[in-house]
$ cat work.pdb   # PDB, C-alpha atoms
ATOM      1  CA  MET A  21     -22.355  -9.946   1.100
ATOM      2  CA  ASP A  22     -23.203  -6.258   1.413
ATOM      3  CA  PRO A  23     -20.902  -3.746  -0.294
ATOM      4  CA  LYS A  24     -18.925  -1.316   1.867
ATOM      5  CA  THR A  25     -17.915   2.253   1.220
ATOM      6  CA  ALA A  26     -14.278   3.215   0.867
ATOM      7  CA  LYS A  27     -14.844   5.483   3.869
ATOM      8  CA  GLU A  28     -15.529   2.418   6.018
ATOM      9  CA  THR A  29     -11.997   1.173   5.252
ATOM     10  CA  ARG A  30     -10.209   4.482   5.751
ATOM     11  CA  CYS A  31      -7.346   4.535   8.276
ATOM     12  CA  PHE A  32      -4.946   7.205   9.508
ATOM     13  CA  LYS A  33      -1.545   7.116  11.183
ATOM     14  CA  VAL A  34       0.602  10.074  12.244
ATOM     15  CA  SER A  35       4.173   9.746  13.467
ATOM     16  CA  ARG A  36       7.011  12.037  14.385
ATOM     17  CA  VAL A  37      10.325  11.460  12.620
ATOM     18  CA  PHE A  38      13.070  10.743  15.155
ATOM     19  CA  PRO A  39      16.841  10.682  14.592
ATOM     20  CA  THR A  40      16.826   6.861  14.735
ATOM     21  CA  ASP A  41      14.312   6.819  11.831
ATOM     22  CA  VAL A  42      16.558   8.556   9.295
ATOM     23  CA  ASN A  43      19.260   7.382   6.925
ATOM     24  CA  ASN A  44      22.655   8.930   6.143
ATOM     25  CA  HIS A  45      20.887  11.612   4.047
ATOM     26  CA  GLU A  46      18.934  12.753   7.115
ATOM     27  CA  THR A  47      15.638  11.644   5.546
ATOM     28  CA  LEU A  48      13.191   9.012   6.722
ATOM     29  CA  PHE A  49      14.549   5.543   5.948
ATOM     30  CA  GLY A  50      12.542   4.114   3.036
ATOM     31  CA  GLY A  51      12.177   0.720   4.691
ATOM     32  CA  LYS A  52      10.634   2.353   7.757
ATOM     33  CA  LEU A  53       8.083   4.133   5.584
ATOM     34  CA  MET A  54       7.349   0.910   3.680
ATOM     35  CA  SER A  55       6.685  -0.840   6.990
ATOM     36  CA  TYR A  56       4.248   1.924   7.979
ATOM     37  CA  ILE A  57       2.557   1.566   4.565
ATOM     38  CA  ASP A  58       2.085  -2.209   4.800
ATOM     39  CA  ASP A  59       0.842  -1.895   8.380
ATOM     40  CA  ILE A  60      -1.838   0.705   7.684
ATOM     41  CA  ALA A  61      -2.892  -1.009   4.436
ATOM     42  CA  SER A  62      -3.457  -4.253   6.347
ATOM     43  CA  ILE A  63      -5.783  -2.465   8.766
ATOM     44  CA  SER A  64      -7.888  -1.073   5.892
ATOM     45  CA  VAL A  65      -8.088  -4.588   4.482
ATOM     46  CA  SER A  66      -9.260  -6.018   7.808
ATOM     47  CA  LYS A  67     -11.945  -3.344   8.051
ATOM     48  CA  LEU A  68     -13.298  -4.473   4.679
ATOM     49  CA  CYS A  69     -13.115  -8.255   4.839
ATOM     50  CA  ARG A  70     -13.036  -8.991   8.600
ATOM     51  CA  ALA A  71     -10.900 -12.032   7.770
ATOM     52  CA  ALA A  72      -7.262 -13.000   7.601
ATOM     53  CA  ALA A  73      -5.467 -11.487   4.625
ATOM     54  CA  VAL A  74      -1.988 -11.512   3.147
ATOM     55  CA  THR A  75      -0.052  -8.990   1.126
ATOM     56  CA  ALA A  76      -0.002 -10.324  -2.432
ATOM     57  CA  SER A  77       2.023  -7.451  -3.862
ATOM     58  CA  THR A  78       3.294  -4.007  -3.248
ATOM     59  CA  ASP A  79       2.527  -2.689  -6.685
ATOM     60  CA  SER A  80       4.304   0.595  -6.247
ATOM     61  CA  VAL A  81       5.747   2.925  -3.697
ATOM     62  CA  ASP A  82       6.640   6.256  -5.218
ATOM     63  CA  PHE A  83       8.809   8.459  -3.024
ATOM     64  CA  LEU A  84       7.977  12.009  -4.098
ATOM     65  CA  GLN A  85       9.348  14.263  -1.343
ATOM     66  CA  PRO A  86      11.963  13.676   1.353
ATOM     67  CA  ILE A  87      10.713  13.395   4.925
ATOM     68  CA  ARG A  88      13.050  15.039   7.438
ATOM     69  CA  PRO A  89      13.420  14.958  11.239
ATOM     70  CA  THR A  90      11.615  18.324  11.415
ATOM     71  CA  ASP A  91       8.546  16.707   9.808
ATOM     72  CA  SER A  92       5.674  14.567  10.901
ATOM     73  CA  VAL A  93       4.560  11.799   8.565
ATOM     74  CA  SER A  94       0.847  11.127   8.082
ATOM     75  CA  LEU A  95      -0.482   8.085   6.273
ATOM     76  CA  GLU A  96      -4.002   7.618   4.986
ATOM     77  CA  SER A  97      -5.202   4.338   3.486
ATOM     78  CA  PHE A  98      -8.406   2.971   2.010
ATOM     79  CA  ILE A  99      -9.609   0.230  -0.307
ATOM     80  CA  THR A 100      -9.963   1.453  -3.890
ATOM     81  CA  TRP A 101     -11.126  -1.712  -5.651
ATOM     82  CA  THR A 102     -12.021  -5.329  -4.984
ATOM     83  CA  GLY A 103     -12.005  -8.473  -7.044
ATOM     84  CA  THR A 104     -13.393 -11.782  -5.857
ATOM     85  CA  SER A 105     -10.868 -12.270  -3.048
ATOM     86  CA  SER A 106      -8.355  -9.516  -3.759
ATOM     87  CA  MET A 107      -8.331  -5.932  -2.580
ATOM     88  CA  GLU A 108      -6.354  -2.967  -3.860
ATOM     89  CA  VAL A 109      -5.314  -0.496  -1.171
ATOM     90  CA  PHE A 110      -4.146   3.061  -1.777
ATOM     91  CA  VAL A 111      -1.859   4.720   0.761
ATOM     92  CA  LYS A 112      -1.184   8.442   0.673
ATOM     93  CA  VAL A 113       1.767   9.781   2.685
ATOM     94  CA  ILE A 114       1.840  13.452   3.688
ATOM     95  CA  ARG A 115       4.838  15.095   5.254
ATOM     96  CA  GLU A 116       4.268  18.187   7.344
ATOM     97  CA  ASP A 117       7.057  20.530   8.341
ATOM     98  CA  LEU A 118       6.309  20.980  12.037
ATOM     99  CA  ARG A 119       7.934  24.423  12.068
ATOM    100  CA  SER A 120       6.165  26.027   9.110
ATOM    101  CA  GLY A 121       3.068  23.840   8.741
ATOM    102  CA  ASP A 122       3.890  23.267   5.051
ATOM    103  CA  ARG A 123       2.405  19.985   3.797
ATOM    104  CA  LYS A 124       3.344  17.967   0.727
ATOM    105  CA  ILE A 125       2.469  14.559  -0.669
ATOM    106  CA  ALA A 126       5.648  12.670   0.192
ATOM    107  CA  ALA A 127       4.743   9.265  -1.249
ATOM    108  CA  THR A 128       1.949   7.188  -2.707
ATOM    109  CA  ALA A 129       1.566   3.432  -2.740
ATOM    110  CA  PHE A 130      -0.693   0.726  -4.106
ATOM    111  CA  LEU A 131      -0.787  -2.700  -2.491
ATOM    112  CA  THR A 132      -2.837  -5.803  -3.174
ATOM    113  CA  PHE A 133      -4.057  -8.168  -0.470
ATOM    114  CA  VAL A 134      -5.922 -11.465  -0.683
ATOM    115  CA  ALA A 135      -8.500 -12.477   1.928
ATOM    116  CA  LEU A 136      -8.165 -15.997   3.337
ATOM    117  CA  ASP A 137     -10.655 -18.322   5.006
ATOM    118  CA  GLU A 138      -9.922 -20.540   8.029
ATOM    119  CA  ASN A 139      -8.178 -23.063   5.696
ATOM    120  CA  ASN A 140      -5.925 -20.359   4.227
ATOM    121  CA  ARG A 141      -7.808 -20.468   0.926
ATOM    122  CA  PRO A 142      -8.887 -17.295  -0.896
ATOM    123  CA  THR A 143     -12.334 -16.174   0.199
ATOM    124  CA  THR A 144     -14.769 -13.613  -1.167
ATOM    125  CA  VAL A 145     -14.724  -9.998  -0.059
ATOM    126  CA  PRO A 146     -17.389  -7.288  -0.170
ATOM    127  CA  GLN A 147     -17.401  -4.956  -3.143
ATOM    128  CA  ILE A 148     -16.206  -1.413  -2.504
ATOM    129  CA  VAL A 149     -18.301   1.687  -3.205
ATOM    130  CA  PRO A 150     -16.372   4.918  -3.832
ATOM    131  CA  GLU A 151     -17.999   8.191  -2.775
ATOM    132  CA  THR A 152     -15.526  11.105  -2.952
ATOM    133  CA  GLU A 153     -13.932  12.368  -6.171
ATOM    134  CA  GLU A 154     -10.559  10.972  -5.040
ATOM    135  CA  GLU A 155     -12.091   7.547  -4.319
ATOM    136  CA  LYS A 156     -13.983   7.538  -7.633
ATOM    137  CA  LYS A 157     -10.876   8.419  -9.660
ATOM    138  CA  LEU A 158      -8.850   5.670  -7.995
ATOM    139  CA  HIS A 159     -11.712   3.185  -8.454
ATOM    140  CA  GLU A 160     -12.105   4.059 -12.163
ATOM    141  CA  THR A 161      -8.397   3.515 -12.837
ATOM    142  CA  ALA A 162      -8.095   0.322 -10.770
ATOM    143  CA  GLU A 163      -8.961  -2.108 -13.581
ATOM    144  CA  LEU A 164      -5.956  -0.922 -15.589
ATOM    145  CA  ARG A 165      -3.675  -1.305 -12.564
ATOM    146  CA  ALA A 166      -5.091  -4.818 -12.015
ATOM    147  CA  GLU A 167      -4.259  -5.755 -15.619
ATOM    148  CA  MET A 168      -0.729  -4.362 -15.284
ATOM    149  CA  ARG A 169      -0.332  -6.213 -11.980
ATOM    150  CA  LYS A 170      -1.386  -9.506 -13.568
ATOM    151  CA  HIS A 171       0.983  -8.997 -16.498
ATOM    152  CA  ARG A 172       3.885  -8.101 -14.165
ATOM    153  CA  ARG A 173       3.181 -11.162 -12.008
ATOM    154  CA  ASP A 174       3.127 -13.454 -15.058
ATOM    155  CA  GLU A 175       6.433 -11.977 -16.229
ATOM    156  CA  SER A 176       7.927 -12.375 -12.728
ATOM    157  CA  LYS A 177       6.959 -16.063 -12.701
ATOM    158  CA  LYS A 178       8.649 -16.592 -16.074
ATOM    159  CA  PHE A 179      11.726 -14.728 -14.931
ATOM    160  CA  ALA A 180      11.903 -16.766 -11.700
ATOM    161  CA  ASP A 181      12.404 -19.903 -13.807
ATOM    162  CA  TYR A 182      15.810 -18.527 -14.873
ATOM    163  CA  LEU A 183      16.997 -17.657 -11.392
ATOM    164  CA  LEU A 184      19.339 -19.929  -9.504
ATOM    165  CA  THR A 185      18.568 -21.280  -6.038
ATOM    166  CA  LYS A 186      22.124 -22.455  -5.432
ATOM    167  CA  TYR A 187      24.070 -20.433  -2.862
ATOM    168  CA  PRO A 188      27.278 -18.778  -4.161
ATOM    169  CA  TRP A 189      29.428 -20.735  -1.712
ATOM    170  CA  GLU A 190      28.104 -24.122  -2.853
TER     171      GLU A 190
END

$ encode --input "work.pdb" --output "structure tokens"
Amino acid sequence: MDPKTAKETRCFKVSRVFPTDVNNHETLFGGKLMSYIDDIASISVSKLCRAAAVTASTDSVDFLQPIRPTDSVSLESFITWTGTSSMEVFVKVIREDLRSGDRKIAATAFLTFVALDENNRPTTVPQIVPETEEEKKLHETAELRAEMRKHRRDESKKFADYLLTKYPWE
């Protein structure tokens, strides 16, 4: 399987913020942005593996700046690292004030997807080759994020053993 460059997985999405997209603070509803993030990340994943894939985790979504109805929201995603069947995707969110042209990083996110074969079993994916300084920095730091992700998942599994499945009304 030939490696692919991060550039080959890069995707972009630009949207206007409408009144129905905001919460009671007059900022973009976080769930709406998270939906945009998962959507664009899944397209980057498909560009890499050309197979079915599922979101294994949303490792982080850091909301850094509010996004207002006077802004546009631009998302950029690309694959930063691959394992055997897993892929880490970085999503950068930029808000642009449409009146002044001022741009700020509004959010960043890391997600992990797993490629699946026709039997819904994990399948191998091409390795990713970073080229730009941004891609290289994210690629270099990916192993640490993968270790933290594995540790967090192990802890979540242990914690789940203590959670009840009984409904409160039962």

$ closest_residue --input "work.pdb" --among "A:Ala73, A:Leu53, A:Ile60, A:Leu158" --to "Ser97 of chain A" --atoms "all atoms listed in the file"
A:Ile60

$ atom_distance --input "work.pdb" --atom1 "atom CA of Ala166 of chain A" --atom2 "atom CA of Met21 of chain A"
22.3 Å

$ atom_distance --input "work.pdb" --atom1 "atom CA of Gly103 of chain A" --atom2 "atom CA of Ala126 of chain A"
28.5 Å

$ atom_distance --input "work.pdb" --atom1 "atom CA of Glu155 of chain A" --atom2 "atom CA of Phe32 of chain A"
15.6 Å

$ closest_residue --input "work.pdb" --among "A:Thr90, A:Ser176, A:Thr161, A:Gln85" --to "Ile114 of chain A" --atoms "only C-alpha atoms"
A:Gln85

$ closest_residue --input "work.pdb" --among "A:Val65, A:Ala129, A:Leu164, A:Ala135" --to "Ile99 of chain A" --atoms "all atoms listed in the file"
A:Val65

$ resolve_selection --input "work.pdb" --expression "the PyMOL selection byres ((chain A and resi 61) around 8)" --output "PDB file with C-alpha atoms, in the coordinates of the input"
ATOM      1  CA  ILE A  57       2.557   1.566   4.565  1.00  0.00           C
ATOM      2  CA  ASP A  58       2.085  -2.209   4.800  1.00  0.00           C
ATOM      3  CA  ASP A  59       0.842  -1.895   8.380  1.00  0.00           C
ATOM      4  CA  ILE A  60      -1.838   0.705   7.684  1.00  0.00           C
ATOM      5  CA  SER A  62      -3.457  -4.253   6.347  1.00  0.00           C
ATOM      6  CA  ILE A  63      -5.783  -2.465   8.766  1.00  0.00           C
ATOM      7  CA  SER A  64      -7.888  -1.073   5.892  1.00  0.00           C
ATOM      8  CA  VAL A  65      -8.088  -4.588   4.482  1.00  0.00           C
ATOM      9  CA  SER A  97      -5.202   4.338   3.486  1.00  0.00           C
ATOM     10  CA  PHE A  98      -8.406   2.971   2.010  1.00  0.00           C
ATOM     11  CA  VAL A 109      -5.314  -0.496  -1.171  1.00  0.00           C
ATOM     12  CA  PHE A 110      -4.146   3.061  -1.777  1.00  0.00           C
ATOM     13  CA  VAL A 111      -1.859   4.720   0.761  1.00  0.00           C
ATOM     14  CA  LEU A 131      -0.787  -2.700  -2.491  1.00  0.00           C
TER      15      LEU A 131
END

$ resolve_selection --input "work.pdb" --expression "the PyMOL selection byres ((chain A and resi 140) around 12)" --output "ChimeraX atom specification"
/A:71-74,105,134-139,141-143

$ closest_residue --input "work.pdb" --among "A:Ser80, A:Thr47, A:Thr25, A:Ser55" --to "Trp101 of chain A" --atoms "only C-alpha atoms"
A:Thr25

$ closest_residue --input "work.pdb" --among "A:Phe83, A:Tyr187, A:Tyr182, A:Phe130" --to "Arg115 of chain A" --atoms "all atoms listed in the file"
A:Phe83
